[in-house]
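Below is the file data.cif, which contains mmCIF, N, CA and C atoms.
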```
data_final
#
loop_
_atom_site.group_PDB
_atom_site.id
_atom_site.type_symbol
_atom_site.label_atom_id
_atom_site.label_comp_id
_atom_site.auth_asym_id
_atom_site.auth_seq_id
_atom_site.Cartn_x
_atom_site.Cartn_y
_atom_site.Cartn_z
ATOM 1 N N MET A 1 -22.412 16.904 17.568
ATOM 2 C CA MET A 1 -21.243 17.652 17.149
ATOM 3 C C MET A 1 -20.008 16.751 17.258
ATOM 4 N N LEU A 2 -19.223 16.702 16.198
ATOM 5 C CA LEU A 2 -18.005 15.906 16.194
ATOM 6 C C LEU A 2 -16.851 16.697 16.773
ATOM 7 N N ASN A 3 -16.001 16.001 17.500
ATOM 8 C CA ASN A 3 -14.808 16.632 18.060
ATOM 9 C C ASN A 3 -13.581 16.173 17.290
ATOM 10 N N GLY A 4 -12.438 16.779 17.591
ATOM 11 C CA GLY A 4 -11.189 16.378 16.969
ATOM 12 C C GLY A 4 -11.149 16.707 15.490
ATOM 13 N N VAL A 5 -10.328 15.942 14.777
ATOM 14 C CA VAL A 5 -10.112 16.211 13.361
ATOM 15 C C VAL A 5 -11.400 16.051 12.567
ATOM 16 N N GLN A 6 -12.206 15.022 12.842
ATOM 17 C CA GLN A 6 -13.465 14.829 12.107
ATOM 18 C C GLN A 6 -14.398 16.032 12.270
ATOM 19 N N GLY A 7 -14.324 16.704 13.397
ATOM 20 C CA GLY A 7 -15.153 17.877 13.637
ATOM 21 C C GLY A 7 -14.748 19.082 12.814
ATOM 22 N N MET A 8 -13.617 19.001 12.119
ATOM 23 C CA MET A 8 -13.141 20.122 11.306
ATOM 24 C C MET A 8 -13.788 20.160 9.926
ATOM 25 N N VAL A 9 -14.464 19.099 9.523
ATOM 26 C CA VAL A 9 -15.114 19.077 8.209
ATOM 27 C C VAL A 9 -16.091 20.247 8.127
ATOM 28 N N GLY A 10 -15.952 21.044 7.061
ATOM 29 C CA GLY A 10 -16.778 22.235 6.876
ATOM 30 C C GLY A 10 -16.096 23.516 7.320
ATOM 31 N N ASP A 11 -15.010 23.402 8.090
ATOM 32 C CA ASP A 11 -14.266 24.585 8.534
ATOM 33 C C ASP A 11 -13.511 25.211 7.358
ATOM 34 N N THR A 12 -13.251 26.498 7.463
ATOM 35 C CA THR A 12 -12.392 27.166 6.488
ATOM 36 C C THR A 12 -10.990 27.269 7.072
ATOM 37 N N ALA A 13 -10.005 27.357 6.187
ATOM 38 C CA ALA A 13 -8.602 27.421 6.600
ATOM 39 C C ALA A 13 -7.821 28.185 5.544
ATOM 40 N N LEU A 14 -6.562 28.473 5.855
ATOM 41 C CA LEU A 14 -5.678 29.211 4.957
ATOM 42 C C LEU A 14 -4.484 28.334 4.614
ATOM 43 N N VAL A 15 -4.146 28.239 3.331
ATOM 44 C CA VAL A 15 -2.987 27.456 2.898
ATOM 45 C C VAL A 15 -1.712 28.218 3.262
ATOM 46 N N THR A 16 -0.812 27.543 4.005
ATOM 47 C CA THR A 16 0.450 28.161 4.420
ATOM 48 C C THR A 16 1.653 27.531 3.716
ATOM 49 N N LYS A 17 1.482 26.353 3.143
ATOM 50 C CA LYS A 17 2.497 25.713 2.295
ATOM 51 C C LYS A 17 1.737 25.103 1.136
ATOM 52 N N ALA A 18 2.123 25.436 -0.094
ATOM 53 C CA ALA A 18 1.379 25.020 -1.288
ATOM 54 C C ALA A 18 1.069 23.524 -1.280
ATOM 55 N N ILE A 19 -0.136 23.201 -1.718
ATOM 56 C CA ILE A 19 -0.591 21.818 -1.856
ATOM 57 C C ILE A 19 -0.427 21.463 -3.325
ATOM 58 N N GLU A 20 0.405 20.466 -3.605
ATOM 59 C CA GLU A 20 0.762 20.118 -4.986
ATOM 60 C C GLU A 20 0.248 18.737 -5.377
ATOM 61 N N GLY A 21 -1.045 18.510 -5.251
ATOM 62 C CA GLY A 21 -1.630 17.223 -5.624
ATOM 63 C C GLY A 21 -1.684 16.271 -4.444
ATOM 64 N N ALA A 22 -2.311 15.119 -4.677
ATOM 65 C CA ALA A 22 -2.566 14.160 -3.608
ATOM 66 C C ALA A 22 -1.300 13.541 -3.031
ATOM 67 N N HIS A 23 -0.209 13.521 -3.802
ATOM 68 C CA HIS A 23 1.013 12.880 -3.330
ATOM 69 C C HIS A 23 2.025 13.865 -2.746
ATOM 70 N N HIS A 24 1.660 15.145 -2.719
ATOM 71 C CA HIS A 24 2.532 16.189 -2.168
ATOM 72 C C HIS A 24 1.716 17.097 -1.263
ATOM 73 N N PRO A 25 1.430 16.622 -0.043
ATOM 74 C CA PRO A 25 0.619 17.438 0.872
ATOM 75 C C PRO A 25 1.250 18.797 1.141
ATOM 76 N N GLY A 26 0.395 19.752 1.395
ATOM 77 C CA GLY A 26 0.828 21.062 1.832
ATOM 78 C C GLY A 26 0.387 21.258 3.265
ATOM 79 N N LYS A 27 0.392 22.501 3.708
ATOM 80 C CA LYS A 27 -0.038 22.797 5.070
ATOM 81 C C LYS A 27 -1.100 23.880 5.050
ATOM 82 N N ILE A 28 -2.034 23.758 5.985
ATOM 83 C CA ILE A 28 -3.061 24.773 6.177
ATOM 84 C C ILE A 28 -3.081 25.179 7.640
ATOM 85 N N ARG A 29 -3.583 26.386 7.884
ATOM 86 C CA ARG A 29 -3.776 26.846 9.264
ATOM 87 C C ARG A 29 -5.272 26.849 9.528
ATOM 88 N N ALA A 30 -5.662 26.000 10.479
ATOM 89 C CA ALA A 30 -7.067 25.886 10.871
ATOM 90 C C ALA A 30 -7.129 25.782 12.388
ATOM 91 N N ARG A 31 -8.072 26.475 12.982
ATOM 92 C CA ARG A 31 -8.253 26.451 14.431
ATOM 93 C C ARG A 31 -6.964 26.798 15.171
ATOM 94 N N GLY A 32 -6.160 27.686 14.567
ATOM 95 C CA GLY A 32 -4.946 28.151 15.210
ATOM 96 C C GLY A 32 -3.778 27.184 15.162
ATOM 97 N N GLU A 33 -3.913 26.105 14.384
ATOM 98 C CA GLU A 33 -2.850 25.109 14.288
ATOM 99 C C GLU A 33 -2.538 24.801 12.832
ATOM 100 N N GLU A 34 -1.330 24.274 12.590
ATOM 101 C CA GLU A 34 -0.923 23.837 11.249
ATOM 102 C C GLU A 34 -1.320 22.372 11.062
ATOM 103 N N TRP A 35 -1.865 22.059 9.880
ATOM 104 C CA TRP A 35 -2.284 20.700 9.561
ATOM 105 C C TRP A 35 -1.796 20.343 8.161
ATOM 106 N N LEU A 36 -1.466 19.076 7.945
ATOM 107 C CA LEU A 36 -1.149 18.604 6.598
ATOM 108 C C LEU A 36 -2.446 18.446 5.824
ATOM 109 N N ALA A 37 -2.408 18.800 4.544
ATOM 110 C CA ALA A 37 -3.626 18.750 3.737
ATOM 111 C C ALA A 37 -3.317 18.328 2.309
ATOM 112 N N ILE A 38 -4.294 17.647 1.707
ATOM 113 C CA ILE A 38 -4.245 17.273 0.299
ATOM 114 C C ILE A 38 -5.495 17.818 -0.384
ATOM 115 N N PRO A 39 -5.461 17.964 -1.713
ATOM 116 C CA PRO A 39 -6.628 18.517 -2.409
ATOM 117 C C PRO A 39 -7.714 17.469 -2.635
ATOM 118 N N LEU A 40 -8.958 17.906 -2.651
ATOM 119 C CA LEU A 40 -10.091 17.034 -2.960
ATOM 120 C C LEU A 40 -9.933 16.455 -4.362
ATOM 121 N N ASP A 41 -9.531 17.294 -5.322
ATOM 122 C CA ASP A 41 -9.200 16.844 -6.676
ATOM 123 C C ASP A 41 -7.736 16.418 -6.638
ATOM 124 N N PRO A 42 -7.432 15.108 -6.791
ATOM 125 C CA PRO A 42 -6.062 14.619 -6.630
ATOM 126 C C PRO A 42 -5.029 15.290 -7.533
ATOM 127 N N GLU A 43 -5.466 15.905 -8.626
ATOM 128 C CA GLU A 43 -4.548 16.557 -9.564
ATOM 129 C C GLU A 43 -4.385 18.049 -9.302
ATOM 130 N N ALA A 44 -5.168 18.592 -8.386
ATOM 131 C CA ALA A 44 -5.176 20.038 -8.154
ATOM 132 C C ALA A 44 -3.955 20.514 -7.380
ATOM 133 N N SER A 45 -3.566 21.745 -7.654
ATOM 134 C CA SER A 45 -2.559 22.461 -6.877
ATOM 135 C C SER A 45 -3.246 23.675 -6.267
ATOM 136 N N ILE A 46 -2.957 23.936 -5.004
ATOM 137 C CA ILE A 46 -3.564 25.073 -4.319
ATOM 138 C C ILE A 46 -2.427 25.912 -3.739
ATOM 139 N N PRO A 47 -2.278 27.160 -4.208
ATOM 140 C CA PRO A 47 -1.141 27.984 -3.777
ATOM 141 C C PRO A 47 -1.294 28.554 -2.363
ATOM 142 N N ILE A 48 -0.164 28.989 -1.825
ATOM 143 C CA ILE A 48 -0.129 29.667 -0.519
ATOM 144 C C ILE A 48 -1.068 30.871 -0.558
ATOM 145 N N GLY A 49 -1.750 31.098 0.543
ATOM 146 C CA GLY A 49 -2.633 32.251 0.667
ATOM 147 C C GLY A 49 -4.062 31.995 0.240
ATOM 148 N N THR A 50 -4.352 30.806 -0.272
ATOM 149 C CA THR A 50 -5.701 30.469 -0.720
ATOM 150 C C THR A 50 -6.559 30.039 0.465
ATOM 151 N N ASP A 51 -7.796 30.529 0.501
ATOM 152 C CA ASP A 51 -8.756 30.072 1.500
ATOM 153 C C ASP A 51 -9.360 28.762 1.009
ATOM 154 N N VAL A 52 -9.417 27.773 1.910
ATOM 155 C CA VAL A 52 -9.937 26.457 1.555
ATOM 156 C C VAL A 52 -10.982 26.017 2.567
ATOM 157 N N VAL A 53 -11.761 25.003 2.172
ATOM 158 C CA VAL A 53 -12.744 24.375 3.043
ATOM 159 C C VAL A 53 -12.315 22.931 3.264
ATOM 160 N N VAL A 54 -12.404 22.462 4.492
ATOM 161 C CA VAL A 54 -12.094 21.075 4.810
ATOM 162 C C VAL A 54 -13.298 20.219 4.401
ATOM 163 N N ALA A 55 -13.062 19.294 3.455
ATOM 164 C CA ALA A 55 -14.135 18.450 2.939
ATOM 165 C C ALA A 55 -14.172 17.074 3.608
ATOM 166 N N ASP A 56 -13.012 16.591 4.066
ATOM 167 C CA ASP A 56 -12.945 15.229 4.590
ATOM 168 C C ASP A 56 -11.618 15.052 5.319
ATOM 169 N N VAL A 57 -11.465 13.909 5.942
ATOM 170 C CA VAL A 57 -10.203 13.515 6.561
ATOM 171 C C VAL A 57 -9.857 12.148 5.994
ATOM 172 N N GLU A 58 -8.625 12.007 5.491
ATOM 173 C CA GLU A 58 -8.204 10.757 4.855
ATOM 174 C C GLU A 58 -6.798 10.416 5.331
ATOM 175 N N ARG A 59 -6.650 9.271 5.977
ATOM 176 C CA ARG A 59 -5.341 8.815 6.475
ATOM 177 C C ARG A 59 -4.628 9.880 7.318
ATOM 178 N N GLY A 60 -5.377 10.604 8.115
ATOM 179 C CA GLY A 60 -4.795 11.618 8.977
ATOM 180 C C GLY A 60 -4.513 12.951 8.307
ATOM 181 N N LEU A 61 -4.813 13.063 7.018
ATOM 182 C CA LEU A 61 -4.634 14.312 6.278
ATOM 183 C C LEU A 61 -5.995 14.975 6.074
ATOM 184 N N LEU A 62 -6.017 16.293 6.123
ATOM 185 C CA LEU A 62 -7.259 17.004 5.808
ATOM 186 C C LEU A 62 -7.379 17.107 4.298
ATOM 187 N N VAL A 63 -8.551 16.830 3.780
ATOM 188 C CA VAL A 63 -8.828 16.923 2.343
ATOM 189 C C VAL A 63 -9.576 18.228 2.126
ATOM 190 N N VAL A 64 -9.020 19.103 1.272
ATOM 191 C CA VAL A 64 -9.548 20.452 1.143
ATOM 192 C C VAL A 64 -9.812 20.834 -0.313
ATOM 193 N N TYR A 65 -10.631 21.861 -0.489
ATOM 194 C CA TYR A 65 -10.817 22.458 -1.804
ATOM 195 C C TYR A 65 -10.833 23.974 -1.653
ATOM 196 N N ALA A 66 -10.376 24.653 -2.695
ATOM 197 C CA ALA A 66 -10.331 26.115 -2.670
ATOM 198 C C ALA A 66 -11.751 26.668 -2.689
ATOM 199 N N ILE A 67 -11.985 27.719 -1.934
ATOM 200 C CA ILE A 67 -13.309 28.327 -1.852
ATOM 201 C C ILE A 67 -13.757 28.850 -3.208
ATOM 202 N N ASP A 68 -12.818 29.350 -4.017
ATOM 203 C CA ASP A 68 -13.185 29.921 -5.319
ATOM 204 C C ASP A 68 -13.315 28.881 -6.422
ATOM 205 N N SER A 69 -13.190 27.575 -6.101
ATOM 206 C CA SER A 69 -13.279 26.563 -7.167
ATOM 207 C C SER A 69 -14.619 25.875 -7.199
#
```
Can you give me the file's structure in the form of structure tokens?
Amino acid sequence: MLNGVQGMVGDTALVTKAIEGAHHPGKIRARGEEWLAIPLDPEASIPIGTDVVVADVERGLLVVYAIDS
């Protein structure tokens, strides 16, 4: 079992600040904390209130995708 940020891969989270592509991180709430996040698809935008899955960690940012995508 991985601990820390790497251990979050596969977790679900809620977008609290819109994610506007790879160069405009948003924020998600995961494990009771706010984290900066970018989309798995670098061109994607993910609005506030969307449930996402953590796919990876890149340069200290969580890489996420919307559950419905």
Take the PyMOL selection byres ((chain A and resi 52-69) around 8), run it mentally on this structure, and tell me the resulting residues as a PDB file with N, CA and C atoms, in the frame of the given file.
```pdb
ATOM      1  N   VAL A   5     -10.328  15.942  14.777  1.00  0.00           N
ATOM      2  CA  VAL A   5     -10.112  16.211  13.361  1.00  0.00           C
ATOM      3  C   VAL A   5     -11.400  16.051  12.567  1.00  0.00           C
ATOM      4  N   GLN A   6     -12.206  15.022  12.842  1.00  0.00           N
ATOM      5  CA  GLN A   6     -13.465  14.829  12.107  1.00  0.00           C
ATOM      6  C   GLN A   6     -14.398  16.032  12.270  1.00  0.00           C
ATOM      7  N   MET A   8     -13.617  19.001  12.119  1.00  0.00           N
ATOM      8  CA  MET A   8     -13.141  20.122  11.306  1.00  0.00           C
ATOM      9  C   MET A   8     -13.788  20.160   9.926  1.00  0.00           C
ATOM     10  N   VAL A   9     -14.464  19.099   9.523  1.00  0.00           N
ATOM     11  CA  VAL A   9     -15.114  19.077   8.209  1.00  0.00           C
ATOM     12  C   VAL A   9     -16.091  20.247   8.127  1.00  0.00           C
ATOM     13  N   GLY A  10     -15.952  21.044   7.061  1.00  0.00           N
ATOM     14  CA  GLY A  10     -16.778  22.235   6.876  1.00  0.00           C
ATOM     15  C   GLY A  10     -16.096  23.516   7.320  1.00  0.00           C
ATOM     16  N   ASP A  11     -15.010  23.402   8.090  1.00  0.00           N
ATOM     17  CA  ASP A  11     -14.266  24.585   8.534  1.00  0.00           C
ATOM     18  C   ASP A  11     -13.511  25.211   7.358  1.00  0.00           C
ATOM     19  N   THR A  12     -13.251  26.498   7.463  1.00  0.00           N
ATOM     20  CA  THR A  12     -12.392  27.166   6.488  1.00  0.00           C
ATOM     21  C   THR A  12     -10.990  27.269   7.072  1.00  0.00           C
ATOM     22  N   ALA A  13     -10.005  27.357   6.187  1.00  0.00           N
ATOM     23  CA  ALA A  13      -8.602  27.421   6.600  1.00  0.00           C
ATOM     24  C   ALA A  13      -7.821  28.185   5.544  1.00  0.00           C
ATOM     25  N   LEU A  14      -6.562  28.473   5.855  1.00  0.00           N
ATOM     26  CA  LEU A  14      -5.678  29.211   4.957  1.00  0.00           C
ATOM     27  C   LEU A  14      -4.484  28.334   4.614  1.00  0.00           C
ATOM     28  N   VAL A  15      -4.146  28.239   3.331  1.00  0.00           N
ATOM     29  CA  VAL A  15      -2.987  27.456   2.898  1.00  0.00           C
ATOM     30  C   VAL A  15      -1.712  28.218   3.262  1.00  0.00           C
ATOM     31  N   TRP A  35      -1.865  22.059   9.880  1.00  0.00           N
ATOM     32  CA  TRP A  35      -2.284  20.700   9.561  1.00  0.00           C
ATOM     33  C   TRP A  35      -1.796  20.343   8.161  1.00  0.00           C
ATOM     34  N   LEU A  36      -1.466  19.076   7.945  1.00  0.00           N
ATOM     35  CA  LEU A  36      -1.149  18.604   6.598  1.00  0.00           C
ATOM     36  C   LEU A  36      -2.446  18.446   5.824  1.00  0.00           C
ATOM     37  N   ALA A  37      -2.408  18.800   4.544  1.00  0.00           N
ATOM     38  CA  ALA A  37      -3.626  18.750   3.737  1.00  0.00           C
ATOM     39  C   ALA A  37      -3.317  18.328   2.309  1.00  0.00           C
ATOM     40  N   ILE A  38      -4.294  17.647   1.707  1.00  0.00           N
ATOM     41  CA  ILE A  38      -4.245  17.273   0.299  1.00  0.00           C
ATOM     42  C   ILE A  38      -5.495  17.818  -0.384  1.00  0.00           C
ATOM     43  N   PRO A  39      -5.461  17.964  -1.713  1.00  0.00           N
ATOM     44  CA  PRO A  39      -6.628  18.517  -2.409  1.00  0.00           C
ATOM     45  C   PRO A  39      -7.714  17.469  -2.635  1.00  0.00           C
ATOM     46  N   LEU A  40      -8.958  17.906  -2.651  1.00  0.00           N
ATOM     47  CA  LEU A  40     -10.091  17.034  -2.960  1.00  0.00           C
ATOM     48  C   LEU A  40      -9.933  16.455  -4.362  1.00  0.00           C
ATOM     49  N   ASP A  41      -9.531  17.294  -5.322  1.00  0.00           N
ATOM     50  CA  ASP A  41      -9.200  16.844  -6.676  1.00  0.00           C
ATOM     51  C   ASP A  41      -7.736  16.418  -6.638  1.00  0.00           C
ATOM     52  N   ILE A  46      -2.957  23.936  -5.004  1.00  0.00           N
ATOM     53  CA  ILE A  46      -3.564  25.073  -4.319  1.00  0.00           C
ATOM     54  C   ILE A  46      -2.427  25.912  -3.739  1.00  0.00           C
ATOM     55  N   GLY A  49      -1.750  31.098   0.543  1.00  0.00           N
ATOM     56  CA  GLY A  49      -2.633  32.251   0.667  1.00  0.00           C
ATOM     57  C   GLY A  49      -4.062  31.995   0.240  1.00  0.00           C
ATOM     58  N   THR A  50      -4.352  30.806  -0.272  1.00  0.00           N
ATOM     59  CA  THR A  50      -5.701  30.469  -0.720  1.00  0.00           C
ATOM     60  C   THR A  50      -6.559  30.039   0.465  1.00  0.00           C
ATOM     61  N   ASP A  51      -7.796  30.529   0.501  1.00  0.00           N
ATOM     62  CA  ASP A  51      -8.756  30.072   1.500  1.00  0.00           C
ATOM     63  C   ASP A  51      -9.360  28.762   1.009  1.00  0.00           C
TER      64      ASP A  51
END
```
For this session: Enumerate the residues of segment 9-52 of chain A with a DSSP assignment of strand (DSSP E or B), computed from the backbone, and present them as a list of chain:residue names.
Result: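 Strand (DSSP E or B) members of segment 9-52 of chain A, listed: A:Thr12, A:Ala13, A:Leu14, A:Val15, A:Thr16, A:Lys17, A:Ile19, A:Glu20, A:Gly26, A:Lys27, A:Ile28, A:Arg29, A:Ala30, A:Glu33, A:Glu34, A:Trp35, A:Leu36, A:Ala37, A:Ile38, A:Pro39, A:Ser45, A:Ile46, A:Asp51, A:Val52.
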Exercise. By how many Å are atom CA of Glu34 of chain A and atom N of Ala22 of chain A apart?
Worked result: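 Rounded to one decimal, the two atoms are 18.2 Å apart.
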For this session: Between atom CA of Gly32 of chain A and atom CA of Thr16 of chain A, measure the distance and give it in Å to one decimal.
Result: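 Between these atoms lies a distance of 12.1 Å.
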Exercise. Please, what distance in Å, to one decimal, runs between atom C of Pro25 of chain A and atom C of Gly7 of chain A?
Worked result: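 Taking atom C of Pro25 of chain A as the start and atom C of Gly7 of chain A as the end point, the length is 19.8 Å.
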Exercise. Taking (3.1, 17.5, -3.6) in the file's coordinates as the center, which residues reach within 10 Å of it, counting only C-alpha atoms, put as a list of chain:residue names?
Worked result: A:Ala18, A:Ile19, A:Glu20, A:Gly21, A:Ala22, A:His23, A:His24, A:Pro25, A:Gly26, A:Ile38, A:Pro39, A:Glu43, A:Ala44, A:Ser45
